[in-house]
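File shown: query_14.csv. Contents: CSV, C-alpha atoms.
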chain,number,residue,atom,x,y,z
A,13,MET,CA,-17.0,19.4,-10.0
A,14,THR,CA,-18.2,19.3,-13.6
A,15,THR,CA,-18.3,22.2,-16.0
A,16,ASP,CA,-20.0,21.4,-19.3
A,17,ASN,CA,-19.4,17.7,-18.5
A,18,VAL,CA,-15.7,18.3,-17.8
A,19,ILE,CA,-14.7,16.4,-14.7
A,20,LYS,CA,-12.1,18.0,-12.4
A,21,PHE,CA,-9.7,16.3,-10.2
A,22,VAL,CA,-6.6,17.2,-8.2
A,23,GLY,CA,-3.5,15.0,-8.0
A,24,GLY,CA,0.3,14.8,-8.3
A,25,THR,CA,2.6,13.6,-11.0
A,26,GLY,CA,4.3,11.3,-8.5
A,27,SER,CA,1.0,9.7,-7.4
A,28,PRO,CA,0.4,6.3,-8.9
A,29,TYR,CA,-3.3,6.6,-8.4
A,30,THR,CA,-3.4,9.9,-10.2
A,31,GLN,CA,-1.6,8.4,-13.1
A,32,LYS,CA,-4.0,5.4,-13.0
A,33,MET,CA,-7.0,7.7,-13.3
A,34,LEU,CA,-5.5,10.1,-15.8
A,35,ALA,CA,-4.8,7.2,-18.2
A,36,LEU,CA,-8.3,5.8,-17.7
A,37,MET,CA,-9.9,9.2,-18.5
A,38,ARG,CA,-7.8,9.5,-21.7
A,39,TYR,CA,-8.8,6.0,-22.8
A,40,ARG,CA,-12.5,6.5,-22.1
A,41,GLN,CA,-12.4,9.9,-23.8
A,42,ILE,CA,-14.0,11.5,-20.8
A,43,PRO,CA,-13.5,15.3,-20.8
A,44,TYR,CA,-11.4,16.2,-17.8
A,45,SER,CA,-9.4,18.9,-16.1
A,46,VAL,CA,-6.5,17.9,-13.9
A,47,ILE,CA,-5.0,20.3,-11.3
A,48,TRP,CA,-1.5,19.5,-10.0
A,49,GLY,CA,-1.5,20.3,-6.3
A,50,GLN,CA,-2.7,19.2,-2.9
A,51,PRO,CA,-6.4,18.1,-2.8
A,52,ALA,CA,-7.0,19.6,0.6
A,53,ASP,CA,-5.8,23.0,-0.5
A,54,PHE,CA,-8.2,22.9,-3.5
A,55,CYS,CA,-11.1,21.8,-1.3
A,56,ALA,CA,-10.5,24.8,0.9
A,57,LYS,CA,-10.3,27.1,-2.0
A,58,ILE,CA,-13.7,26.1,-3.4
A,59,GLY,CA,-15.3,25.5,0.0
A,60,VAL,CA,-15.9,21.7,-0.3
A,61,GLU,CA,-15.4,19.3,2.6
A,62,PRO,CA,-12.4,17.2,1.9
A,63,PRO,CA,-12.8,13.4,1.9
A,64,LYS,CA,-11.5,11.6,5.0
A,65,PRO,CA,-8.8,10.6,4.6
A,66,THR,CA,-7.7,12.7,1.6
A,67,PHE,CA,-5.6,11.1,-1.0
A,68,MET,CA,-4.5,11.8,-4.6
A,69,PRO,CA,-6.3,12.0,-6.9
A,70,THR,CA,-9.4,13.7,-5.5
A,71,PHE,CA,-12.4,13.9,-7.9
A,72,PHE,CA,-15.1,16.5,-7.7
A,73,PHE,CA,-18.7,15.5,-8.7
A,74,GLU,CA,-21.9,17.5,-8.6
A,75,ASP,CA,-25.1,16.0,-7.4
A,76,GLY,CA,-28.2,18.1,-7.2
A,77,GLY,CA,-26.2,21.3,-7.5
A,78,GLN,CA,-23.8,20.3,-4.6
A,79,THR,CA,-20.2,19.5,-5.2
A,80,SER,CA,-18.6,16.7,-3.3
A,81,ALA,CA,-15.0,15.3,-3.2
A,82,HIS,CA,-14.1,11.7,-3.6
A,83,CYS,CA,-10.7,9.9,-3.6
A,84,ASP,CA,-11.1,6.1,-3.8
A,85,SER,CA,-10.3,5.2,-7.4
A,86,THR,CA,-12.2,1.9,-7.6
A,87,PRO,CA,-15.6,3.3,-6.8
A,88,ILE,CA,-14.8,6.4,-8.8
A,89,ILE,CA,-14.3,4.1,-11.8
A,90,ARG,CA,-17.7,2.5,-11.2
A,91,ARG,CA,-19.3,5.9,-10.9
A,92,LEU,CA,-17.8,7.0,-14.2
A,93,GLU,CA,-19.1,3.8,-15.8
A,94,ALA,CA,-22.6,4.8,-14.8
A,95,ASP,CA,-22.2,8.4,-16.1
A,96,PHE,CA,-20.3,7.6,-19.3
A,97,THR,CA,-21.2,4.3,-21.0
A,98,ALA,CA,-18.8,4.3,-24.0
A,99,ARG,CA,-15.5,2.5,-24.0
A,100,SER,CA,-16.1,0.6,-20.7
A,101,VAL,CA,-13.3,-0.8,-18.7
A,102,LEU,CA,-15.5,-3.4,-17.0
A,103,PRO,CA,-16.1,-6.6,-18.9
A,104,ARG,CA,-19.7,-7.6,-19.3
A,105,ASP,CA,-18.9,-11.3,-18.6
A,106,PRO,CA,-19.3,-11.7,-14.8
A,107,ALA,CA,-16.4,-14.2,-14.5
A,108,LEU,CA,-14.1,-12.0,-16.5
A,109,ALA,CA,-15.2,-9.0,-14.5
A,110,PHE,CA,-14.4,-10.7,-11.2
A,111,ILE,CA,-10.8,-11.5,-12.3
A,112,ASP,CA,-10.5,-7.9,-13.4
A,113,TYR,CA,-11.6,-6.7,-10.0
A,114,LEU,CA,-9.0,-9.0,-8.4
A,115,ILE,CA,-6.2,-7.7,-10.6
A,116,GLU,CA,-7.2,-4.1,-9.9
A,117,ASP,CA,-7.2,-4.7,-6.2
A,118,PHE,CA,-3.8,-6.4,-6.4
A,119,GLY,CA,-2.4,-3.4,-8.3
A,120,ASP,CA,-3.9,-0.9,-5.8
A,121,GLU,CA,-3.0,-2.7,-2.6
A,122,TRP,CA,0.1,-4.9,-3.2
A,123,CYS,CA,1.9,-3.3,-6.2
A,124,THR,CA,1.9,-0.1,-4.2
A,125,LYS,CA,4.1,-1.9,-1.7
A,126,TYR,CA,6.7,-2.4,-4.4
A,127,MET,CA,6.4,1.3,-5.2
A,128,PHE,CA,6.7,2.6,-1.7
A,129,HIS,CA,9.5,0.2,-0.8
A,130,TYR,CA,11.8,1.0,-3.7
A,131,ARG,CA,11.1,4.7,-3.5
A,132,TRP,CA,12.2,5.1,0.1
A,133,HIS,CA,14.2,2.0,1.1
A,134,PHE,CA,17.3,2.9,-1.0
A,135,ASP,CA,19.2,6.2,-0.5
A,136,ALA,CA,19.5,7.0,-4.2
A,137,ASP,CA,15.8,6.5,-4.8
A,138,ALA,CA,14.8,8.4,-1.7
A,139,GLU,CA,17.0,11.3,-2.7
A,140,ASN,CA,15.5,11.3,-6.2
A,141,ALA,CA,11.9,11.2,-4.9
A,142,ALA,CA,12.5,13.9,-2.2
A,143,SER,CA,14.1,16.1,-4.8
A,144,LEU,CA,11.3,15.8,-7.4
A,145,LEU,CA,8.1,15.5,-5.4
A,146,PRO,CA,8.1,19.0,-3.9
A,147,LEU,CA,8.5,20.5,-7.4
A,148,SER,CA,5.7,18.3,-8.8
A,149,MET,CA,3.4,20.3,-6.5
A,150,ASN,CA,5.0,23.7,-7.0
A,151,LEU,CA,7.7,24.6,-9.5
A,152,HIS,CA,8.2,28.0,-8.0
A,153,LEU,CA,9.3,27.2,-4.5
A,154,SER,CA,12.0,29.4,-3.2
A,155,PRO,CA,15.4,27.7,-2.6
A,156,GLU,CA,14.7,27.8,1.2
A,157,GLN,CA,11.2,26.4,0.8
A,158,TYR,CA,12.5,23.7,-1.6
A,159,GLU,CA,15.1,22.5,0.9
A,160,GLN,CA,12.6,22.5,3.7
A,161,TYR,CA,10.0,20.4,1.8
A,162,LYS,CA,12.7,18.1,0.5
A,163,ALA,CA,14.0,17.3,4.0
A,164,TYR,CA,10.5,17.0,5.4
A,165,ILE,CA,9.2,14.6,2.7
A,166,LYS,CA,12.3,12.3,2.8
A,167,ASP,CA,12.3,12.1,6.6
A,168,ARG,CA,8.6,11.5,6.8
A,169,GLN,CA,8.4,8.8,4.1
A,170,VAL,CA,11.5,6.9,5.1
A,171,ASN,CA,10.2,6.7,8.6
A,172,ARG,CA,6.9,5.4,7.3
A,173,LEU,CA,8.3,2.4,5.5
A,174,TYR,CA,7.1,0.2,8.3
A,175,VAL,CA,3.5,1.0,7.4
A,176,VAL,CA,3.8,-1.1,4.2
A,177,GLY,CA,5.9,-3.8,5.9
A,178,SER,CA,9.2,-2.7,4.2
A,179,ASN,CA,12.3,-3.4,6.2
A,180,ASP,CA,15.7,-5.2,5.9
A,181,ILE,CA,14.0,-8.6,6.6
A,182,THR,CA,11.2,-8.2,4.0
A,183,ALA,CA,13.3,-6.3,1.4
A,184,PRO,CA,14.6,-9.5,-0.4
A,185,MET,CA,11.1,-10.9,-0.5
A,186,ILE,CA,9.6,-7.7,-2.0
A,187,ASP,CA,12.4,-7.6,-4.5
A,188,ALA,CA,11.8,-11.2,-5.5
A,189,SER,CA,8.0,-10.7,-5.8
A,190,TYR,CA,8.6,-7.6,-8.0
A,191,ARG,CA,10.9,-9.6,-10.3
A,192,ARG,CA,8.5,-12.5,-10.6
A,193,PHE,CA,5.7,-10.1,-11.3
A,194,LEU,CA,7.7,-8.4,-14.1
A,195,GLN,CA,8.6,-11.8,-15.6
A,196,ALA,CA,4.9,-12.8,-15.5
A,197,MET,CA,4.0,-9.5,-17.2
A,198,GLU,CA,6.7,-10.2,-19.9
A,199,ASN,CA,5.3,-13.6,-20.6
A,200,HIS,CA,1.7,-12.4,-20.6
A,201,LEU,CA,2.3,-9.5,-23.0
A,202,LYS,CA,3.8,-11.9,-25.5
A,203,ALA,CA,0.3,-13.4,-25.8
A,204,GLN,CA,-2.0,-10.3,-25.7
A,205,GLY,CA,-2.0,-6.6,-25.3
A,206,PHE,CA,-3.7,-6.3,-22.0
A,207,MET,CA,-4.5,-8.4,-18.9
A,208,LEU,CA,-7.8,-9.9,-20.2
A,209,GLY,CA,-7.5,-9.5,-24.0
A,210,ASN,CA,-7.0,-6.8,-26.5
A,211,ARG,CA,-8.6,-3.9,-24.7
A,212,PRO,CA,-7.8,-2.6,-21.3
A,213,ALA,CA,-9.8,-3.2,-18.2
A,214,ALA,CA,-9.8,-1.5,-14.8
A,215,GLY,CA,-7.1,-4.0,-13.6
A,216,ASP,CA,-4.8,-2.8,-16.4
A,217,PHE,CA,-5.0,0.8,-15.1
A,218,GLY,CA,-4.5,-0.3,-11.5
A,219,ILE,CA,-1.3,-2.0,-12.4
A,220,TYR,CA,-0.3,0.7,-14.8
A,221,GLY,CA,-0.5,3.4,-12.1
A,222,GLN,CA,2.0,1.7,-9.9
A,223,LEU,CA,4.3,0.9,-12.7
A,224,THR,CA,4.4,4.5,-13.9
A,225,GLN,CA,6.4,5.2,-10.7
A,226,LEU,CA,8.4,2.0,-10.6
A,227,ILE,CA,9.5,2.2,-14.3
A,228,THR,CA,9.5,5.9,-15.1
A,229,PHE,CA,10.2,7.7,-11.7
A,230,ASP,CA,12.3,5.6,-9.3
A,231,PRO,CA,15.8,4.6,-10.4
A,232,THR,CA,16.2,1.1,-8.8
A,233,PRO,CA,12.9,-0.5,-9.9
A,234,ARG,CA,13.4,1.1,-13.4
A,235,ALA,CA,16.7,-0.6,-13.8
A,236,ILE,CA,15.2,-4.0,-12.7
A,237,ALA,CA,12.3,-3.6,-15.2
A,238,HIS,CA,14.7,-2.9,-18.1
A,239,GLU,CA,16.7,-6.0,-17.1
A,240,ILE,CA,13.7,-8.3,-16.9
A,241,SER,CA,10.8,-7.1,-19.1
A,242,HIS,CA,11.2,-4.7,-22.0
A,243,ARG,CA,7.6,-5.5,-23.0
A,244,THR,CA,6.4,-4.1,-19.7
A,245,VAL,CA,8.5,-1.0,-20.1
A,246,ALA,CA,7.0,-0.5,-23.6
A,247,TRP,CA,3.5,-1.3,-22.3
A,248,ILE,CA,3.7,1.6,-19.9
A,249,GLU,CA,4.2,4.0,-22.8
A,250,HIS,CA,1.3,2.5,-24.7
A,251,MET,CA,-1.0,2.7,-21.6
A,252,ARG,CA,-0.3,6.3,-21.1
A,253,ASP,CA,-2.7,7.3,-23.8
A,254,LEU,CA,-5.0,4.8,-25.4
A,255,SER,CA,-7.5,7.3,-26.7
A,256,GLY,CA,-6.9,6.3,-30.2
A,257,ILE,CA,-7.8,2.6,-30.0
A,258,GLU,CA,-11.3,1.5,-30.9
A,259,PRO,CA,-12.4,-1.3,-28.6
A,260,THR,CA,-15.0,-4.0,-29.4
A,261,ASP,CA,-16.6,-6.6,-27.1
A,262,SER,CA,-14.8,-9.3,-29.1
A,263,ASP,CA,-11.5,-7.9,-27.7
A,264,TRP,CA,-12.2,-9.5,-24.4
A,265,VAL,CA,-10.9,-13.0,-24.2
A,266,ALA,CA,-13.1,-15.5,-22.2
A,267,LEU,CA,-11.5,-17.1,-19.1
A,268,GLU,CA,-11.3,-20.5,-20.7
A,269,ASP,CA,-9.4,-19.1,-23.7
A,270,GLN,CA,-7.0,-17.0,-21.7
A,271,PRO,CA,-3.2,-17.8,-22.1
A,272,ASP,CA,-1.5,-19.8,-19.4
A,273,SER,CA,0.5,-16.7,-18.6
A,274,LEU,CA,-2.6,-15.2,-16.8
A,275,ARG,CA,-2.4,-18.0,-14.2
A,276,ASP,CA,1.2,-16.9,-13.5
A,277,LEU,CA,0.1,-13.4,-12.7
A,278,LEU,CA,-2.7,-14.8,-10.5
A,279,ALA,CA,-0.2,-17.1,-8.8
A,280,GLU,CA,1.8,-14.1,-7.7
A,281,ILE,CA,-1.4,-12.7,-6.1
A,282,GLY,CA,-1.9,-16.0,-4.3
A,283,ARG,CA,1.7,-16.2,-3.2
A,284,VAL,CA,2.0,-12.8,-1.6
A,285,TYR,CA,-1.2,-10.8,-1.5
A,286,ALA,CA,-3.6,-13.5,-0.3
A,287,PRO,CA,-1.7,-14.4,2.9
A,288,ALA,CA,-1.3,-10.7,3.7
A,289,GLN,CA,-5.0,-10.0,3.2
A,290,ILE,CA,-6.0,-13.0,5.4
A,291,ALA,CA,-3.6,-12.0,8.2
A,292,ASN,CA,-4.7,-8.4,8.1
A,293,ALA,CA,-8.4,-9.3,8.2
A,294,LYS,CA,-7.9,-11.6,11.2
A,295,ALA,CA,-6.0,-8.8,13.0
A,296,VAL,CA,-8.8,-6.3,12.3
A,297,MET,CA,-11.4,-8.8,13.6
A,298,ALA,CA,-9.3,-9.3,16.8
A,299,GLY,CA,-8.8,-5.6,17.3
A,300,GLU,CA,-5.0,-6.0,17.0
A,301,GLU,CA,-2.8,-3.0,16.0
A,302,ASN,CA,-0.3,-5.1,14.0
A,303,TRP,CA,-0.3,-8.4,12.2
A,304,THR,CA,2.5,-10.9,11.5
A,305,ALA,CA,2.5,-13.6,8.9
A,306,GLU,CA,5.0,-15.7,7.0
A,307,ILE,CA,4.9,-14.5,3.3
A,308,ASP,CA,7.1,-16.3,0.8
A,309,GLY,CA,9.5,-17.4,3.5
A,310,ALA,CA,9.8,-14.0,5.2
A,311,GLN,CA,8.4,-12.9,8.5
A,312,TRP,CA,6.2,-10.0,7.6
A,313,THR,CA,4.9,-7.5,10.2
A,314,GLN,CA,3.1,-4.3,9.6
A,315,PRO,CA,0.3,-2.1,11.1
A,316,THR,CA,-3.3,-3.4,10.6
A,317,PHE,CA,-5.3,-1.6,7.9
A,318,PRO,CA,-9.1,-1.6,8.3
A,319,TYR,CA,-9.4,-0.4,4.7
A,320,GLN,CA,-7.6,-3.5,3.3
A,321,ALA,CA,-9.9,-5.7,5.4
A,322,LYS,CA,-12.7,-3.9,3.6
A,323,CYS,CA,-11.0,-4.7,0.3
A,324,LEU,CA,-11.0,-8.4,1.1
A,325,LYS,CA,-14.7,-8.1,2.1
A,326,TRP,CA,-15.5,-6.4,-1.2
A,327,THR,CA,-13.6,-9.0,-3.2
A,328,ASN,CA,-15.6,-11.7,-1.5
A,329,GLU,CA,-18.9,-9.9,-2.1
A,330,GLN,CA,-18.0,-9.8,-5.8
A,331,TYR,CA,-17.2,-13.5,-5.7
A,332,GLN,CA,-20.4,-14.4,-3.8
A,333,ALA,CA,-22.5,-12.5,-6.3
A,334,LEU,CA,-21.4,-14.8,-9.2
A,335,ASP,CA,-23.8,-17.4,-10.4
A,336,ALA,CA,-22.9,-21.0,-10.4
A,337,SER,CA,-21.6,-21.0,-14.0
A,338,ALA,CA,-19.4,-17.9,-13.6
A,339,ARG,CA,-18.1,-19.1,-10.2
A,340,GLY,CA,-17.2,-22.4,-11.8
A,341,GLN,CA,-15.1,-20.6,-14.4
A,342,VAL,CA,-13.4,-18.5,-11.8
A,343,ASP,CA,-12.7,-21.5,-9.6
A,344,ALA,CA,-11.2,-23.5,-12.5
A,345,LEU,CA,-8.8,-20.6,-13.3
A,346,LEU,CA,-7.8,-19.9,-9.7
A,347,SER,CA,-7.4,-23.5,-8.6
A,348,GLY,CA,-3.8,-24.0,-7.3
A,349,THR,CA,-2.9,-20.3,-7.5
A,350,GLY,CA,-3.3,-19.7,-3.8
A,351,VAL,CA,-5.9,-17.0,-4.5
A,352,GLU,CA,-8.7,-19.3,-3.6
A,353,ALA,CA,-7.5,-19.1,0.1
A,354,MET,CA,-8.9,-15.6,0.3
A,355,LEU,CA,-12.3,-16.4,-1.2
A,356,SER,CA,-15.4,-17.6,0.5
A,357,ALA,CA,-18.6,-18.8,-1.2
A,358,ASP,CA,-20.7,-17.4,1.6

Taking this structure as input, can you express it in the form of structure tokens?
Amino acid sequence: MTTDNVIKFVGGTGSPYTQKMLALMRYRQIPYSVIWGQPADFCAKIGVEPPKPTFMPTFFFEDGGQTSAHCDSTPIIRRLEADFTARSVLPRDPALAFIDYLIEDFGDEWCTKYMFHYRWHFDADAENAASLLPLSMNLHLSPEQYEQYKAYIKDRQVNRLYVVGSNDITAPMIDASYRRFLQAMENHLKAQGFMLGNRPAAGDFGIYGQLTQLITFDPTPRAIAHEISHRTVAWIEHMRDLSGIEPTDSDWVALEDQPDSLRDLLAEIGRVYAPAQIANAKAVMAGEENWTAEIDGAQWTQPTFPYQAKCLKWTNEQYQALDASARGQVDALLSGTGVEAMLSAD
């Protein structure tokens, strides 16, 4: 829904994807109006069919006088690029744009495992989240309503840890991956301000959204971040509002000139996300309800997700669309990281 070019969306303060898009809108200086609440409730209020499934944030766009609801952040970013051309978050260089796409996908689909694991695996974090999330939707809940929602959210989410593969067996691996990721971020931020240079790309916002919860909301991952990477903690505060920076095309750094620290970030993608994506896609093809794979020395089992199989398909379509020169640059950067295992040239 747009009013005088103001884009409206509905989300929650404890939603990493809401924070991702909120920061992106600020950076791009796109006029917006955010409503804190449940997207389905707002859809019902204005008589718009909710997306299926419905997640936070849900954006409302008008086409030909008709309002429609959308909640997948990656295509929403591309739509906003078409509607608002200034301060783009998509690099023009195809090779750079592909790496950005890969980083955004990793943030959205693997870093969210860090977030969900830490939020609900540990009692202190689960109590913190269950106490705050109901109030993020409605500050005026009665004491009875508050206790009811708090118990419901905690019970539901703790019992859904299996959905992201979090359990006592995988917990040490998830923790180790998060710590390596933070160290890679620490090293990378010594070299440059953002993932691909000195202006943010979509991948920065994908990672930022998850880290807003890991570093500013949930106690256990916050303490780990302060232990390992003060630069990442500070980066989160910078990313919150980048409306004041004036980006130029020269702020992007070509792949061949990227610091070695970028490869360390990509190596974590290859180490944990690539095998998960490959196993999930195979399970989808076979019609299996669950998949199991060894990831970083741990036996990982979780329900199959058709959406994540689509993510792998879309990543490969982006890769296959590269011309020979751009693909050569990408291949040179990814060689030995493990990411190449999830890519196909045809």

Contact residues around Asp272 of chain A with only C-alpha atoms at 10 Å, ignoring same-chain residues under 6 positions, as a ChimeraX atom specification
/A:199-200,203,345

Near Asn302 of chain A, within 10 Å and counting only C-alpha atoms, which residues show up once chain neighbours fewer than 2 positions away are dropped, as a PyMOL selection string?
chain A and resi 175+291-292+295-296+299-300+304+313-317

Rank A:Phe134, A:Ser148, A:Ala81, A:Gln41 by their smallest atom-to-atom distance to Gly59 of chain A, using only C-alpha atoms, and report the top residue only.
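When distances to Gly59 of chain A are compared using only C-alpha atoms, the smallest one comes from A:Ala81.
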
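Distance check against Tyr164 of chain A using all atoms listed in the file: of A:Ala136, A:Ile88, A:Leu147, A:Ala142, the minimum falls on A:Ala142.
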
At what distance in Å, to one decimal, does atom CA of Tyr39 of chain A lie from atom CA of Ser255 of chain A?
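It comes out at 4.3 Å.
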
Enumerate, as an MDAnalysis selection string, the protein, DNA and RNA residues whose atoms approach (-14.8, -8.8, -14.8) to within 12 Å, taking into account only C-alpha atoms and the coordinate frame of the file.
chainID A and resid 100:116 207:209 212:216 264:267 327 330:331 334 338:339 341:342

Residues just named, written with C-alpha atoms as a tab-separated table (two decimals), in the frame of the given file:
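Listed below is the output, out.tsv:
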chain	number	residue	atom	x	y	z
A	100	SER	CA	-16.10	0.60	-20.70
A	101	VAL	CA	-13.30	-0.80	-18.70
A	102	LEU	CA	-15.50	-3.40	-17.00
A	103	PRO	CA	-16.10	-6.60	-18.90
A	104	ARG	CA	-19.70	-7.60	-19.30
A	105	ASP	CA	-18.90	-11.30	-18.60
A	106	PRO	CA	-19.30	-11.70	-14.80
A	107	ALA	CA	-16.40	-14.20	-14.50
A	108	LEU	CA	-14.10	-12.00	-16.50
A	109	ALA	CA	-15.20	-9.00	-14.50
A	110	PHE	CA	-14.40	-10.70	-11.20
A	111	ILE	CA	-10.80	-11.50	-12.30
A	112	ASP	CA	-10.50	-7.90	-13.40
A	113	TYR	CA	-11.60	-6.70	-10.00
A	114	LEU	CA	-9.00	-9.00	-8.40
A	115	ILE	CA	-6.20	-7.70	-10.60
A	116	GLU	CA	-7.20	-4.10	-9.90
A	207	MET	CA	-4.50	-8.40	-18.90
A	208	LEU	CA	-7.80	-9.90	-20.20
A	209	GLY	CA	-7.50	-9.50	-24.00
A	212	PRO	CA	-7.80	-2.60	-21.30
A	213	ALA	CA	-9.80	-3.20	-18.20
A	214	ALA	CA	-9.80	-1.50	-14.80
A	215	GLY	CA	-7.10	-4.00	-13.60
A	216	ASP	CA	-4.80	-2.80	-16.40
A	264	TRP	CA	-12.20	-9.50	-24.40
A	265	VAL	CA	-10.90	-13.00	-24.20
A	266	ALA	CA	-13.10	-15.50	-22.20
A	267	LEU	CA	-11.50	-17.10	-19.10
A	327	THR	CA	-13.60	-9.00	-3.20
A	330	GLN	CA	-18.00	-9.80	-5.80
A	331	TYR	CA	-17.20	-13.50	-5.70
A	334	LEU	CA	-21.40	-14.80	-9.20
A	338	ALA	CA	-19.40	-17.90	-13.60
A	339	ARG	CA	-18.10	-19.10	-10.20
A	341	GLN	CA	-15.10	-20.60	-14.40
A	342	VAL	CA	-13.40	-18.50	-11.80

Using all atoms listed in the file, can you tell me which of A:Phe206, A:Trp247, A:Tyr319, A:Tyr220 comes closest to Asp263 of chain A?
A:Phe206

Contact residues around Asp167 of chain A with all atoms listed in the file at 12 Å, ignoring same-chain residues under 4 positions, as a PyMOL selection string:
chain A and resi 132-133+135+138-139+141-142+160-163+171-173

Residue selection dump (C-alpha atoms) as a PDB file, keeping the file's coordinate frame:
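And here's result-v6.pdb as it stands now:
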ATOM      1  CA  TRP A 132      12.200   5.100   0.100  1.00  0.00           C
ATOM      2  CA  HIS A 133      14.200   2.000   1.100  1.00  0.00           C
ATOM      3  CA  ASP A 135      19.200   6.200  -0.500  1.00  0.00           C
ATOM      4  CA  ALA A 138      14.800   8.400  -1.700  1.00  0.00           C
ATOM      5  CA  GLU A 139      17.000  11.300  -2.700  1.00  0.00           C
ATOM      6  CA  ALA A 141      11.900  11.200  -4.900  1.00  0.00           C
ATOM      7  CA  ALA A 142      12.500  13.900  -2.200  1.00  0.00           C
ATOM      8  CA  GLN A 160      12.600  22.500   3.700  1.00  0.00           C
ATOM      9  CA  TYR A 161      10.000  20.400   1.800  1.00  0.00           C
ATOM     10  CA  LYS A 162      12.700  18.100   0.500  1.00  0.00           C
ATOM     11  CA  ALA A 163      14.000  17.300   4.000  1.00  0.00           C
ATOM     12  CA  ASN A 171      10.200   6.700   8.600  1.00  0.00           C
ATOM     13  CA  ARG A 172       6.900   5.400   7.300  1.00  0.00           C
ATOM     14  CA  LEU A 173       8.300   2.400   5.500  1.00  0.00           C
TER      15      LEU A 173
END

Tell me which of A:Pro28, A:Arg275, A:Asn17, A:Pro233 sits closest to Ala188 of chain A, counting only C-alpha atoms.
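Checking each candidate against Ala188 of chain A, we get A:Pro233 as the closest.
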
So that I can check the surroundings of Lys125 of chain A, please list as a list in words every protein, DNA and RNA residue that reaches within 10 Å of it, counting only C-alpha atoms and ignoring chain neighbours fewer than 4 positions away.
Gly119, Asp120, Glu121, His129, Tyr130, Arg131, Leu173, Val175, Val176, Gly177, Ser178, Ile186, Tyr190 and Gln222 of chain A
